[in-house]
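**Q** This structure is in structure tokens; I'll ask about it shortly.
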Amino acid sequence: MEGQTVAIYVFSLLVGYAPNGVDYAQGYRAWILRKLPYPVRYIFAEIPRRKDIEFYQELGIEEEEMLSMHHFFLDHPGLRLSVRAEDKLEELKNSLLITDVIYNGLEIHLVKNGTVAAAMILASENRDCLLEVHYYNQSKLIRTEVYTDRLAYADYFVTAKSEQGLYAKTTRRIYYHSDGSVAYEQIFEGERFWYLFPDGRILTKSEFIGEFIKRMNLSESDTVLIDRFAQFDYVQPLFQGRGRTRMIAVMHAGHYFEEGESAYTVNFNQDYNYLMKYTGMIDIIVVSTQQQKEELAEKLLEYGRSVPVIRVIPAGGVDKLRQPDGGRRPCSILSVSRIQMHKRIHWIIRSVIKAHQLNENISLDIYGSGSIDYINTMKKMVGEYQAESYIRFMGHRDVTEVYKNYELFIAASTFETLGLSIMEAVSSGNAVIGLTVKYGSRLLIHPEKNGYLVDFVPGADSEEEDRIIGDMAERIIEVFKDRDRLKRFQMHSYKTAGEFSSRMVEEKWMELL
């Protein structure tokens, strides 16, 4: 044991971003941390929308474990909804002198003399509960109330004009205690805003976060897990207000890129620039593979940085091997990832189109969400090749039980620290094709045993891209050419998955905490 923990605080849950691998790793880890005899709190640095809360619930983080910085200053900081819509409806009908009520799905419009005076928004997961109330004056939005177990805060608007036309501009937000008194306020001016407290203090966003961290009363018996560092306002105040609290940084992506490995950066990953600069503030860094541990220590020394304790704990583990309920769809391929340029989904599409020319039974289903522009570009590519009949975009969904229905999993990402989707694929007995990239592909894909690795050299030009796509197409054709060999590939994937058991990951976290 490296210290006795009393409470664990995890930074941070995202608001307004597309789901990514860090989120799924947090959800997986939540299942493990819940077995520990300590309270765990997952922090929202921004005000969570209901769909953000529901998303993390689906991943395995319970609502009672989530903590919003903005709700923390209220005397009712919980996020659970409990205000009965029926009670609020009766109250508003009387107070607003409503003449008609119109029900429209999750919305209830309250009409006064032919004009909508208010609109109640119901919770999608429980229509008996109230989520928001919008108030209008002459069809213009003037106030929105947001509820949890009672009124949490209210936004106030003025009608403003932009190039796109008139819109409701937020000018003020008031947060309320359970008795209706004001807890604090936010004042908005353009892109800037300030927090106003009843004692007269006016705080910036960084100062507000600092106040939150101060009131958390972190002690040396607490543990803070930081999953994200880039462009998040909480990191610096957290470092400043940590005291003797144990700080553990979890690195979910590669720390260092050679030229061409990442579409976004060269050398230190921009997501970890702040961490790399202040490694002396960190007690432990957790990485997913032994190779990354060794390379991280080497780079920190090379750049003259402090090298903290580095522990290897995979970002996920295999809870069980999943067998298909019936037969797998012949010659079926799936891709599962956040859909961004560095995942190189377009390489997969082009390789499948080439392979389909020689085997018309080959099909590809692409699971995931991400960049709309990139998705539209790929859909246009599929249309130009008239490949819509065998290449489908399946969107974002829970794919836990989906892999087992396919024969082959394919990935073209140029960097994967572990590759949770590859791990899920091998645990469902998929044959696998990927690139020879760091780190997870080399751990989980064993050439000629459960699939193939296609040579990848960072900094590929168009000619090299064509070579990679051609090689991937050849490997796809090869996988489906021999059914007996395919069956052996699938059995070896199951064997490989057995080496990454959830129990092993759980034991490593138990030892650390």
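How things are named: the first chain in the structure tokens is A, the next is B, and so on; residues count from 1 in each chain; ligands count from 1 in the order shown.
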Which polymer residues have any atom within 12 Å of an atom of Ser12 in chain A, counting only C-alpha atoms, with same-chain residues fewer than 3 positions away left out, as a PyMOL selection string?

**A** chain A and resi 9+15+22-23+26+41-48+56+66-69+224-230+232-235+238+249-250

**Q** Based on the selection just made, write N, CA, C and O atoms of those residues as a short mmCIF file (atom, residue, chain, number, x, y, z; two decimals), in the first residue's frame.

**A**
```
data_model
loop_
_atom_site.label_atom_id
_atom_site.label_comp_id
_atom_site.auth_asym_id
_atom_site.auth_seq_id
_atom_site.Cartn_x
_atom_site.Cartn_y
_atom_site.Cartn_z
N TYR A 9 -11.55 11.67 -5.47
CA TYR A 9 -12.18 12.68 -6.33
C TYR A 9 -11.60 12.54 -7.73
O TYR A 9 -10.38 12.52 -7.91
N VAL A 15 -18.60 18.16 -20.43
CA VAL A 15 -19.88 18.74 -20.82
C VAL A 15 -19.71 19.33 -22.22
O VAL A 15 -18.79 20.11 -22.46
N VAL A 22 -11.62 8.24 -23.12
CA VAL A 22 -11.43 8.57 -21.71
C VAL A 22 -12.73 8.33 -20.94
O VAL A 22 -12.72 7.79 -19.82
N ASP A 23 -13.86 8.71 -21.54
CA ASP A 23 -15.15 8.51 -20.89
C ASP A 23 -15.41 7.02 -20.63
O ASP A 23 -15.85 6.64 -19.54
N GLN A 26 -13.27 5.76 -17.86
CA GLN A 26 -13.78 6.21 -16.56
C GLN A 26 -14.96 5.35 -16.12
O GLN A 26 -15.08 5.00 -14.95
N ARG A 41 -16.23 10.56 -5.87
CA ARG A 41 -17.00 11.64 -6.48
C ARG A 41 -16.36 12.02 -7.82
O ARG A 41 -15.16 12.25 -7.90
N TYR A 42 -17.22 12.08 -8.85
CA TYR A 42 -16.78 12.45 -10.19
C TYR A 42 -17.22 13.88 -10.45
O TYR A 42 -18.40 14.22 -10.34
N ILE A 43 -16.27 14.74 -10.80
CA ILE A 43 -16.50 16.18 -10.80
C ILE A 43 -16.87 16.69 -12.20
O ILE A 43 -16.17 16.42 -13.17
N PHE A 44 -17.96 17.45 -12.27
CA PHE A 44 -18.28 18.27 -13.44
C PHE A 44 -17.76 19.68 -13.17
O PHE A 44 -18.21 20.35 -12.24
N ALA A 45 -16.81 20.14 -13.98
CA ALA A 45 -16.32 21.51 -13.83
C ALA A 45 -17.27 22.52 -14.49
O ALA A 45 -17.25 23.70 -14.15
N GLU A 46 -18.07 22.05 -15.44
CA GLU A 46 -19.09 22.88 -16.09
C GLU A 46 -20.47 22.37 -15.66
O GLU A 46 -20.61 21.23 -15.20
N ILE A 47 -21.49 23.19 -15.84
CA ILE A 47 -22.85 22.77 -15.46
C ILE A 47 -23.28 21.63 -16.38
O ILE A 47 -23.34 21.79 -17.60
N PRO A 48 -23.58 20.46 -15.83
CA PRO A 48 -23.97 19.34 -16.69
C PRO A 48 -25.40 19.48 -17.20
O PRO A 48 -26.29 19.90 -16.46
N TYR A 56 -23.15 9.49 -18.69
CA TYR A 56 -22.23 8.88 -17.74
C TYR A 56 -22.91 7.79 -16.90
O TYR A 56 -22.26 6.83 -16.48
N MET A 66 -21.85 11.67 -8.92
CA MET A 66 -21.49 12.85 -9.69
C MET A 66 -21.64 14.11 -8.84
O MET A 66 -22.58 14.25 -8.07
N LEU A 67 -20.69 15.01 -9.00
CA LEU A 67 -20.69 16.26 -8.24
C LEU A 67 -20.42 17.41 -9.19
O LEU A 67 -19.40 17.44 -9.89
N SER A 68 -21.35 18.35 -9.24
CA SER A 68 -21.19 19.54 -10.07
C SER A 68 -20.62 20.67 -9.23
O SER A 68 -21.15 20.98 -8.15
N MET A 69 -19.53 21.28 -9.71
CA MET A 69 -18.96 22.41 -8.98
C MET A 69 -20.00 23.49 -8.73
O MET A 69 -20.06 24.10 -7.65
N VAL A 224 -6.82 12.32 -5.40
CA VAL A 224 -7.39 12.96 -6.58
C VAL A 224 -6.88 12.24 -7.82
O VAL A 224 -5.67 12.09 -8.00
N LEU A 225 -7.81 11.80 -8.66
CA LEU A 225 -7.47 11.21 -9.96
C LEU A 225 -7.76 12.24 -11.04
O LEU A 225 -8.89 12.76 -11.11
N ILE A 226 -6.79 12.54 -11.88
CA ILE A 226 -6.99 13.50 -12.96
C ILE A 226 -6.89 12.76 -14.28
O ILE A 226 -5.86 12.17 -14.60
N ASP A 227 -7.99 12.78 -15.03
CA ASP A 227 -8.03 12.08 -16.32
C ASP A 227 -7.80 13.01 -17.50
O ASP A 227 -7.51 12.56 -18.59
N ARG A 228 -7.98 14.32 -17.28
CA ARG A 228 -7.86 15.27 -18.39
C ARG A 228 -7.08 16.49 -17.93
O ARG A 228 -7.29 17.00 -16.84
N PHE A 229 -6.19 16.98 -18.80
CA PHE A 229 -5.36 18.13 -18.46
C PHE A 229 -5.49 19.28 -19.45
O PHE A 229 -5.26 20.42 -19.08
N ALA A 230 -5.80 19.00 -20.70
CA ALA A 230 -5.71 20.02 -21.74
C ALA A 230 -6.88 20.99 -21.69
O ALA A 230 -8.04 20.59 -21.70
N PHE A 232 -8.40 22.77 -19.62
CA PHE A 232 -9.42 22.72 -18.58
C PHE A 232 -9.00 23.64 -17.43
O PHE A 232 -7.89 23.56 -16.92
N ASP A 233 -9.94 24.50 -17.01
CA ASP A 233 -9.64 25.56 -16.05
C ASP A 233 -9.35 25.03 -14.65
O ASP A 233 -8.80 25.77 -13.82
N TYR A 234 -9.70 23.80 -14.35
CA TYR A 234 -9.57 23.33 -12.98
C TYR A 234 -8.15 22.90 -12.63
O TYR A 234 -7.82 22.77 -11.45
N VAL A 235 -7.29 22.65 -13.63
CA VAL A 235 -5.99 22.02 -13.34
C VAL A 235 -5.11 22.91 -12.48
O VAL A 235 -4.58 22.48 -11.45
N LEU A 238 -6.39 23.37 -8.97
CA LEU A 238 -6.28 22.10 -8.26
C LEU A 238 -4.85 21.89 -7.77
O LEU A 238 -4.62 21.47 -6.63
N ALA A 249 -2.23 11.06 -11.84
CA ALA A 249 -2.59 11.41 -13.22
C ALA A 249 -2.73 10.13 -14.03
O ALA A 249 -1.86 9.26 -13.98
N VAL A 250 -3.84 10.01 -14.75
CA VAL A 250 -4.06 8.84 -15.60
C VAL A 250 -3.91 9.28 -17.05
O VAL A 250 -4.63 10.15 -17.53
#
```

**Q** Restrict the calculation to only C-alpha atoms, then for each residue of range 275-392 of chain A with any atom at most 9 Å from an atom of range 414-428 of chain A give the closest atom pair and their distance in Å to one decimal, rows by chain and rising residue number, as a Markdown table.

**A**
```
| residue | atom | partner | partner_atom | distance |
| --- | --- | --- | --- | --- |
| A:Val287 | CA | A:Thr417 | CA | 8.3 |
| A:Ser288 | CA | A:Leu418 | CA | 6.1 |
| A:Thr289 | CA | A:Leu418 | CA | 7.2 |
| A:Gln292 | CA | A:Thr417 | CA | 7.8 |
| A:Pro314 | CA | A:Leu418 | CA | 7.1 |
| A:Ala315 | CA | A:Leu418 | CA | 7.1 |
| A:Gly316 | CA | A:Leu420 | CA | 6.5 |
| A:Gly317 | CA | A:Met423 | CA | 7.7 |
| A:Val318 | CA | A:Ser427 | CA | 6.6 |
| A:Asp319 | CA | A:Ser427 | CA | 8.8 |
| A:Lys320 | CA | A:Ser427 | CA | 7.2 |
| A:Leu321 | CA | A:Ser427 | CA | 5.0 |
| A:Arg322 | CA | A:Ser428 | CA | 4.7 |
| A:Gln323 | CA | A:Ser428 | CA | 6.2 |
| A:Pro324 | CA | A:Ser428 | CA | 7.9 |
| A:Ser335 | CA | A:Ser421 | CA | 8.6 |
| A:Val336 | CA | A:Ser421 | CA | 6.3 |
| A:Ser337 | CA | A:Ser421 | CA | 7.1 |
| A:His342 | CA | A:Thr414 | CA | 6.5 |
| A:Lys343 | CA | A:Thr414 | CA | 6.7 |
| A:Arg344 | CA | A:Thr414 | CA | 7.6 |
```

**Q** Selection from above, N, CA, C and O atoms, as an mmCIF file, in the first residue's frame, can you write it?

**A**
```cif
data_model
loop_
_atom_site.group_PDB
_atom_site.id
_atom_site.type_symbol
_atom_site.label_atom_id
_atom_site.label_comp_id
_atom_site.auth_asym_id
_atom_site.auth_seq_id
_atom_site.Cartn_x
_atom_site.Cartn_y
_atom_site.Cartn_z
ATOM 1 N N VAL A 287 -0.240 4.536 -16.546
ATOM 2 C CA VAL A 287 -0.279 4.304 -17.990
ATOM 3 C C VAL A 287 -0.797 2.906 -18.247
ATOM 4 O O VAL A 287 -0.910 2.093 -17.329
ATOM 5 N N SER A 288 -1.093 2.605 -19.512
ATOM 6 C CA SER A 288 -1.752 1.336 -19.830
ATOM 7 C C SER A 288 -0.801 0.195 -20.152
ATOM 8 O O SER A 288 -1.177 -0.969 -20.040
ATOM 9 N N THR A 289 0.428 0.511 -20.591
ATOM 10 C CA THR A 289 1.333 -0.566 -21.006
ATOM 11 C C THR A 289 2.740 -0.330 -20.465
ATOM 12 O O THR A 289 3.145 0.798 -20.198
ATOM 13 N N GLN A 292 4.865 1.978 -22.690
ATOM 14 C CA GLN A 292 4.624 3.404 -22.491
ATOM 15 C C GLN A 292 5.287 3.893 -21.207
ATOM 16 O O GLN A 292 5.823 5.006 -21.159
ATOM 17 N N PRO A 314 -3.871 -1.300 -17.127
ATOM 18 C CA PRO A 314 -4.633 -1.138 -18.371
ATOM 19 C C PRO A 314 -5.909 -0.333 -18.156
ATOM 20 O O PRO A 314 -6.539 -0.411 -17.092
ATOM 21 N N ALA A 315 -6.284 0.469 -19.159
ATOM 22 C CA ALA A 315 -7.466 1.318 -19.061
ATOM 23 C C ALA A 315 -8.757 0.526 -19.002
ATOM 24 O O ALA A 315 -9.805 1.048 -18.631
ATOM 25 N N GLY A 316 -8.682 -0.750 -19.355
ATOM 26 C CA GLY A 316 -9.868 -1.600 -19.297
ATOM 27 C C GLY A 316 -9.460 -3.044 -19.178
ATOM 28 O O GLY A 316 -8.276 -3.389 -19.295
ATOM 29 N N GLY A 317 -10.430 -3.879 -18.934
ATOM 30 C CA GLY A 317 -10.171 -5.303 -18.832
ATOM 31 C C GLY A 317 -11.348 -6.084 -19.385
ATOM 32 O O GLY A 317 -12.410 -5.536 -19.677
ATOM 33 N N VAL A 318 -11.157 -7.372 -19.519
ATOM 34 C CA VAL A 318 -12.189 -8.257 -20.085
ATOM 35 C C VAL A 318 -12.967 -8.889 -18.946
ATOM 36 O O VAL A 318 -12.404 -9.632 -18.133
ATOM 37 N N ASP A 319 -14.270 -8.563 -18.866
ATOM 38 C CA ASP A 319 -15.076 -9.140 -17.795
ATOM 39 C C ASP A 319 -15.512 -10.561 -18.115
ATOM 40 O O ASP A 319 -15.643 -11.407 -17.232
ATOM 41 N N LYS A 320 -15.723 -10.819 -19.427
ATOM 42 C CA LYS A 320 -16.072 -12.179 -19.847
ATOM 43 C C LYS A 320 -15.875 -12.290 -21.353
ATOM 44 O O LYS A 320 -15.773 -11.281 -22.061
ATOM 45 N N LEU A 321 -15.789 -13.524 -21.830
ATOM 46 C CA LEU A 321 -15.693 -13.762 -23.268
ATOM 47 C C LEU A 321 -17.111 -13.883 -23.822
ATOM 48 O O LEU A 321 -17.933 -14.611 -23.288
ATOM 49 N N ARG A 322 -17.357 -13.158 -24.910
ATOM 50 C CA ARG A 322 -18.712 -13.124 -25.469
ATOM 51 C C ARG A 322 -18.785 -13.969 -26.736
ATOM 52 O O ARG A 322 -18.051 -13.740 -27.689
ATOM 53 N N GLN A 323 -19.697 -14.937 -26.706
ATOM 54 C CA GLN A 323 -19.901 -15.837 -27.837
ATOM 55 C C GLN A 323 -21.137 -15.404 -28.621
ATOM 56 O O GLN A 323 -22.109 -14.919 -28.034
ATOM 57 N N PRO A 324 -21.128 -15.585 -29.939
ATOM 58 C CA PRO A 324 -22.315 -15.211 -30.730
ATOM 59 C C PRO A 324 -23.509 -16.090 -30.360
ATOM 60 O O PRO A 324 -23.352 -17.277 -30.056
ATOM 61 N N SER A 335 -16.050 -1.503 -37.510
ATOM 62 C CA SER A 335 -15.097 -0.520 -36.988
ATOM 63 C C SER A 335 -15.811 0.207 -35.860
ATOM 64 O O SER A 335 -16.974 0.578 -35.995
ATOM 65 N N VAL A 336 -15.124 0.396 -34.726
ATOM 66 C CA VAL A 336 -15.716 1.083 -33.578
ATOM 67 C C VAL A 336 -14.717 2.111 -33.066
ATOM 68 O O VAL A 336 -13.608 1.758 -32.658
ATOM 69 N N SER A 337 -15.084 3.388 -33.105
ATOM 70 C CA SER A 337 -14.182 4.423 -32.610
ATOM 71 C C SER A 337 -14.889 5.767 -32.631
ATOM 72 O O SER A 337 -15.969 5.907 -33.219
ATOM 73 N N HIS A 342 -7.765 11.394 -37.142
ATOM 74 C CA HIS A 342 -6.625 10.560 -36.763
ATOM 75 C C HIS A 342 -6.987 9.091 -36.609
ATOM 76 O O HIS A 342 -6.115 8.247 -36.480
ATOM 77 N N LYS A 343 -8.288 8.785 -36.649
ATOM 78 C CA LYS A 343 -8.703 7.380 -36.627
ATOM 79 C C LYS A 343 -8.647 6.765 -38.028
ATOM 80 O O LYS A 343 -8.781 5.547 -38.180
ATOM 81 N N ARG A 344 -8.460 7.597 -39.028
ATOM 82 C CA ARG A 344 -8.257 7.171 -40.419
ATOM 83 C C ARG A 344 -9.356 6.204 -40.897
ATOM 84 O O ARG A 344 -9.077 5.194 -41.536
#
```

**Q** Using only C-alpha atoms, determine which residues lie at most 12 Å from range 140-146 of chain A, disregarding the query and same-chain residues fewer than 6 positions distant; provide the list as a PyMOL selection string.

**A** chain A and resi 47-50+71+79+81+83+88+115-123+129-134+152-160+166-176

**Q** May I ask for the distance between CA of Tyr452 in chain A and CA of Val432 in chain A, given in Å to one decimal place?

**A**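 We find that CA of Tyr452 in chain A and CA of Val432 in chain A lie 6.6 Å from each other.
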
**Q** Mind the document's chain letters and residue numbers, and return as a PyMOL selection string the residues of range 120-229 of chain A that DSSP labels alpha helix (DSSP H).

**A** chain A and resi 205-216

**Q** Which parts of range 336-379 of chain A does DSSP call strand (DSSP E or B) when run on the backbone here, written out as a list of chain:residue names?

**A** A:Val336, A:Ile339, A:Ser363, A:Leu364, A:Asp365, A:Ile366, A:Tyr367, A:Gly370

**Q** CA of Leu74 in chain A to CA of Ile53 in chain A: how many Å, to one decimal?

**A**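 Taking CA of Leu74 in chain A as the start and CA of Ile53 in chain A as the end point, the length is 18.4 Å.
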
**Q** Got a sec: who's within 9 Å of range 367-383 of chain A, counting only C-alpha atoms, leaving out chain neighbours fewer than 6 positions off, as number ranges by chain?

**A** A: 18-20, 334-341, 345-346, 349-350, 353, 391-397, 399

**Q** Those residues you just picked out, can you put them in a file as a compact mmCIF listing (two decimals), in the first residue's frame with N, CA, C and O atoms?

**A**
```txt
# COMPACT_ATOMS: atom_id res chain seq x y z
N ALA A 18 -18.01 15.40 -27.67
CA ALA A 18 -18.38 14.07 -28.15
C ALA A 18 -17.77 13.01 -27.24
O ALA A 18 -16.67 13.20 -26.70
N PRO A 19 -18.46 11.88 -27.04
CA PRO A 19 -17.91 10.80 -26.22
C PRO A 19 -16.57 10.33 -26.78
O PRO A 19 -16.36 10.30 -27.99
N ASN A 20 -15.65 9.97 -25.89
CA ASN A 20 -14.36 9.47 -26.33
C ASN A 20 -13.86 8.37 -25.41
O ASN A 20 -14.52 8.00 -24.45
N LEU A 334 -16.50 -4.84 -38.74
CA LEU A 334 -16.96 -3.65 -38.03
C LEU A 334 -15.78 -2.80 -37.60
O LEU A 334 -14.67 -3.29 -37.39
N SER A 335 -16.05 -1.50 -37.51
CA SER A 335 -15.10 -0.52 -36.99
C SER A 335 -15.81 0.21 -35.86
O SER A 335 -16.97 0.58 -35.99
N VAL A 336 -15.12 0.40 -34.73
CA VAL A 336 -15.72 1.08 -33.58
C VAL A 336 -14.72 2.11 -33.07
O VAL A 336 -13.61 1.76 -32.66
N SER A 337 -15.08 3.39 -33.11
CA SER A 337 -14.18 4.42 -32.61
C SER A 337 -14.89 5.77 -32.63
O SER A 337 -15.97 5.91 -33.22
N ARG A 338 -14.27 6.74 -31.98
CA ARG A 338 -14.67 8.12 -32.18
C ARG A 338 -14.28 8.47 -33.61
O ARG A 338 -13.17 8.16 -34.05
N ILE A 339 -15.16 9.09 -34.34
CA ILE A 339 -14.90 9.33 -35.76
C ILE A 339 -14.23 10.68 -35.94
O ILE A 339 -14.87 11.73 -36.01
N GLN A 340 -12.90 10.63 -35.96
CA GLN A 340 -12.06 11.81 -36.16
C GLN A 340 -10.99 11.45 -37.19
O GLN A 340 -10.72 10.27 -37.45
N MET A 341 -10.35 12.47 -37.74
CA MET A 341 -9.38 12.26 -38.80
C MET A 341 -8.27 11.29 -38.40
O MET A 341 -7.86 10.43 -39.18
N ILE A 345 -10.61 6.54 -40.60
CA ILE A 345 -11.72 5.71 -41.06
C ILE A 345 -11.78 5.68 -42.58
O ILE A 345 -12.19 4.69 -43.18
N HIS A 346 -11.33 6.76 -43.22
CA HIS A 346 -11.35 6.80 -44.69
C HIS A 346 -10.42 5.76 -45.28
O HIS A 346 -10.67 5.25 -46.38
N ILE A 349 -12.47 2.58 -45.20
CA ILE A 349 -13.50 2.57 -46.26
C ILE A 349 -12.88 2.25 -47.61
O ILE A 349 -13.39 1.39 -48.36
N ARG A 350 -11.78 2.91 -47.93
CA ARG A 350 -11.15 2.66 -49.23
C ARG A 350 -10.63 1.23 -49.34
O ARG A 350 -10.74 0.61 -50.41
N ILE A 353 -13.64 -1.04 -49.96
CA ILE A 353 -14.11 -0.90 -51.35
C ILE A 353 -13.23 -1.72 -52.28
O ILE A 353 -13.74 -2.42 -53.18
N ILE A 391 -21.51 -0.68 -47.10
CA ILE A 391 -20.83 0.14 -46.09
C ILE A 391 -21.88 1.02 -45.42
O ILE A 391 -22.52 1.84 -46.08
N ARG A 392 -22.05 0.82 -44.12
CA ARG A 392 -23.10 1.53 -43.39
C ARG A 392 -22.50 2.30 -42.21
O ARG A 392 -21.56 1.85 -41.57
N PHE A 393 -23.09 3.45 -41.93
CA PHE A 393 -22.73 4.25 -40.76
C PHE A 393 -23.79 4.00 -39.69
O PHE A 393 -24.96 4.36 -39.86
N MET A 394 -23.38 3.40 -38.58
CA MET A 394 -24.33 2.92 -37.57
C MET A 394 -24.55 3.91 -36.43
O MET A 394 -25.43 3.71 -35.59
N GLY A 395 -23.74 4.98 -36.36
CA GLY A 395 -23.90 5.97 -35.30
C GLY A 395 -23.35 5.49 -33.97
O GLY A 395 -22.75 4.42 -33.86
N HIS A 396 -23.57 6.32 -32.94
CA HIS A 396 -23.08 6.00 -31.60
C HIS A 396 -24.10 5.12 -30.88
O HIS A 396 -25.28 5.44 -30.84
N ARG A 397 -23.65 4.02 -30.33
CA ARG A 397 -24.52 3.14 -29.55
C ARG A 397 -23.68 2.23 -28.67
O ARG A 397 -22.46 2.15 -28.81
N VAL A 399 -22.06 -0.92 -27.94
CA VAL A 399 -21.66 -2.01 -28.84
C VAL A 399 -21.14 -3.23 -28.08
O VAL A 399 -20.61 -4.15 -28.69
```

**Q** Write out as a ChimeraX atom specification which residues come within 9 Å of Met247 in chain A when counting only C-alpha atoms, dropping same-chain ones fewer than 4 positions away.

**A** /A:222-226,239,242,281-285

**Q** Using N, CA, C and O atoms, can you export the residues from the last selection as a short mmCIF file (atom, residue, chain, number, x, y, z; two decimals), in the first residue's frame?

**A**
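Written output follows (result-v1.cif):
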```cif
data_model
loop_
_atom_site.label_atom_id
_atom_site.label_comp_id
_atom_site.auth_asym_id
_atom_site.auth_seq_id
_atom_site.Cartn_x
_atom_site.Cartn_y
_atom_site.Cartn_z
N ASP A 222 -6.95 11.98 1.30
CA ASP A 222 -7.76 11.91 0.09
C ASP A 222 -6.88 11.64 -1.12
O ASP A 222 -5.66 11.87 -1.09
N THR A 223 -7.51 11.15 -2.19
CA THR A 223 -6.81 10.91 -3.45
C THR A 223 -7.57 11.61 -4.58
O THR A 223 -8.79 11.52 -4.66
N VAL A 224 -6.82 12.32 -5.40
CA VAL A 224 -7.39 12.96 -6.58
C VAL A 224 -6.88 12.24 -7.82
O VAL A 224 -5.67 12.09 -8.00
N LEU A 225 -7.81 11.80 -8.66
CA LEU A 225 -7.47 11.21 -9.96
C LEU A 225 -7.76 12.24 -11.04
O LEU A 225 -8.89 12.76 -11.11
N ILE A 226 -6.79 12.54 -11.88
CA ILE A 226 -6.99 13.50 -12.96
C ILE A 226 -6.89 12.76 -14.28
O ILE A 226 -5.86 12.17 -14.60
N PHE A 239 -3.88 22.18 -8.62
CA PHE A 239 -2.48 22.06 -8.21
C PHE A 239 -2.17 23.03 -7.06
O PHE A 239 -1.46 22.70 -6.11
N ARG A 242 -4.05 21.86 -3.65
CA ARG A 242 -4.02 20.44 -3.33
C ARG A 242 -3.53 20.15 -1.92
O ARG A 242 -3.89 19.13 -1.33
N MET A 281 4.41 17.97 -9.42
CA MET A 281 3.20 18.11 -8.60
C MET A 281 2.42 16.81 -8.51
O MET A 281 1.44 16.71 -7.77
N ILE A 282 2.83 15.81 -9.28
CA ILE A 282 2.10 14.55 -9.37
C ILE A 282 2.83 13.47 -8.57
O ILE A 282 4.05 13.33 -8.65
N ASP A 283 2.07 12.71 -7.80
CA ASP A 283 2.67 11.61 -7.03
C ASP A 283 2.83 10.35 -7.87
O ASP A 283 3.84 9.65 -7.77
N ILE A 284 1.82 10.05 -8.69
CA ILE A 284 1.82 8.81 -9.47
C ILE A 284 1.22 9.09 -10.84
O ILE A 284 0.23 9.81 -10.95
N ILE A 285 1.81 8.54 -11.88
CA ILE A 285 1.21 8.55 -13.22
C ILE A 285 0.85 7.11 -13.57
O ILE A 285 1.67 6.20 -13.42
#
```

**Q** Can you work out which one of A:Arg192, A:Ala297, A:Asn104, A:Val352 has the shortest atom-to-atom distance to Glu388 in chain A, counting only C-alpha atoms?

**A**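 Of A:Arg192, A:Ala297, A:Asn104, A:Val352, the one nearest Glu388 in chain A, counting only C-alpha atoms, is A:Val352.
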
**Q** Take CA of Ile333 in chain A and CA of Tyr403 in chain A and report the distance between them in Å, one decimal.

**A**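 A separation of 9.3 Å between them.
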
**Q** I want to know what sits within 10 Å of Asp455 in chain A, based on only C-alpha atoms, with residues of the same chain fewer than 5 positions away left out; could you give that as a PDB file with N, CA and C atoms, in the first residue's frame?

**A**
```pdb
ATOM      1  N   GLY A 434      -5.041  -4.305 -37.855  1.00  0.00           N
ATOM      2  CA  GLY A 434      -4.680  -2.963 -37.423  1.00  0.00           C
ATOM      3  C   GLY A 434      -3.325  -2.573 -37.971  1.00  0.00           C
ATOM      4  N   LEU A 435      -2.853  -1.410 -37.578  1.00  0.00           N
ATOM      5  CA  LEU A 435      -1.558  -0.917 -38.024  1.00  0.00           C
ATOM      6  C   LEU A 435      -0.492  -1.199 -36.967  1.00  0.00           C
ATOM      7  N   THR A 436       0.751  -1.208 -37.385  1.00  0.00           N
ATOM      8  CA  THR A 436       1.870  -1.457 -36.463  1.00  0.00           C
ATOM      9  C   THR A 436       2.190  -0.182 -35.692  1.00  0.00           C
ATOM     10  N   VAL A 437       1.245   0.266 -34.866  1.00  0.00           N
ATOM     11  CA  VAL A 437       1.402   1.505 -34.118  1.00  0.00           C
ATOM     12  C   VAL A 437       1.503   1.192 -32.628  1.00  0.00           C
ATOM     13  N   ARG A 467      -0.334   2.641 -50.405  1.00  0.00           N
ATOM     14  CA  ARG A 467       0.271   1.350 -50.079  1.00  0.00           C
ATOM     15  C   ARG A 467      -0.410   0.734 -48.864  1.00  0.00           C
ATOM     16  N   ILE A 468      -0.645   1.553 -47.818  1.00  0.00           N
ATOM     17  CA  ILE A 468      -1.302   1.059 -46.603  1.00  0.00           C
ATOM     18  C   ILE A 468      -2.711   0.558 -46.919  1.00  0.00           C
ATOM     19  N   ASP A 471      -2.514  -2.701 -48.765  1.00  0.00           N
ATOM     20  CA  ASP A 471      -2.156  -3.801 -47.869  1.00  0.00           C
ATOM     21  C   ASP A 471      -3.333  -4.207 -46.991  1.00  0.00           C
ATOM     22  N   MET A 472      -4.081  -3.221 -46.519  1.00  0.00           N
ATOM     23  CA  MET A 472      -5.257  -3.539 -45.695  1.00  0.00           C
ATOM     24  C   MET A 472      -6.288  -4.321 -46.498  1.00  0.00           C
TER      25      MET A 472
END
```

**Q** Could you pull the residues within 10 Å of Leu218 in chain A, counting only C-alpha atoms, minus those fewer than 2 positions along the same chain, as an MDAnalysis selection string?

**A** chainID A and resid 7:9 213:216 220:224 241:246

**Q** Between A:Asp365, A:Ser162, A:Leu358, A:His492, which one has atoms that come closest to Pro447 in chain A, using only C-alpha atoms?

**A** A:His492
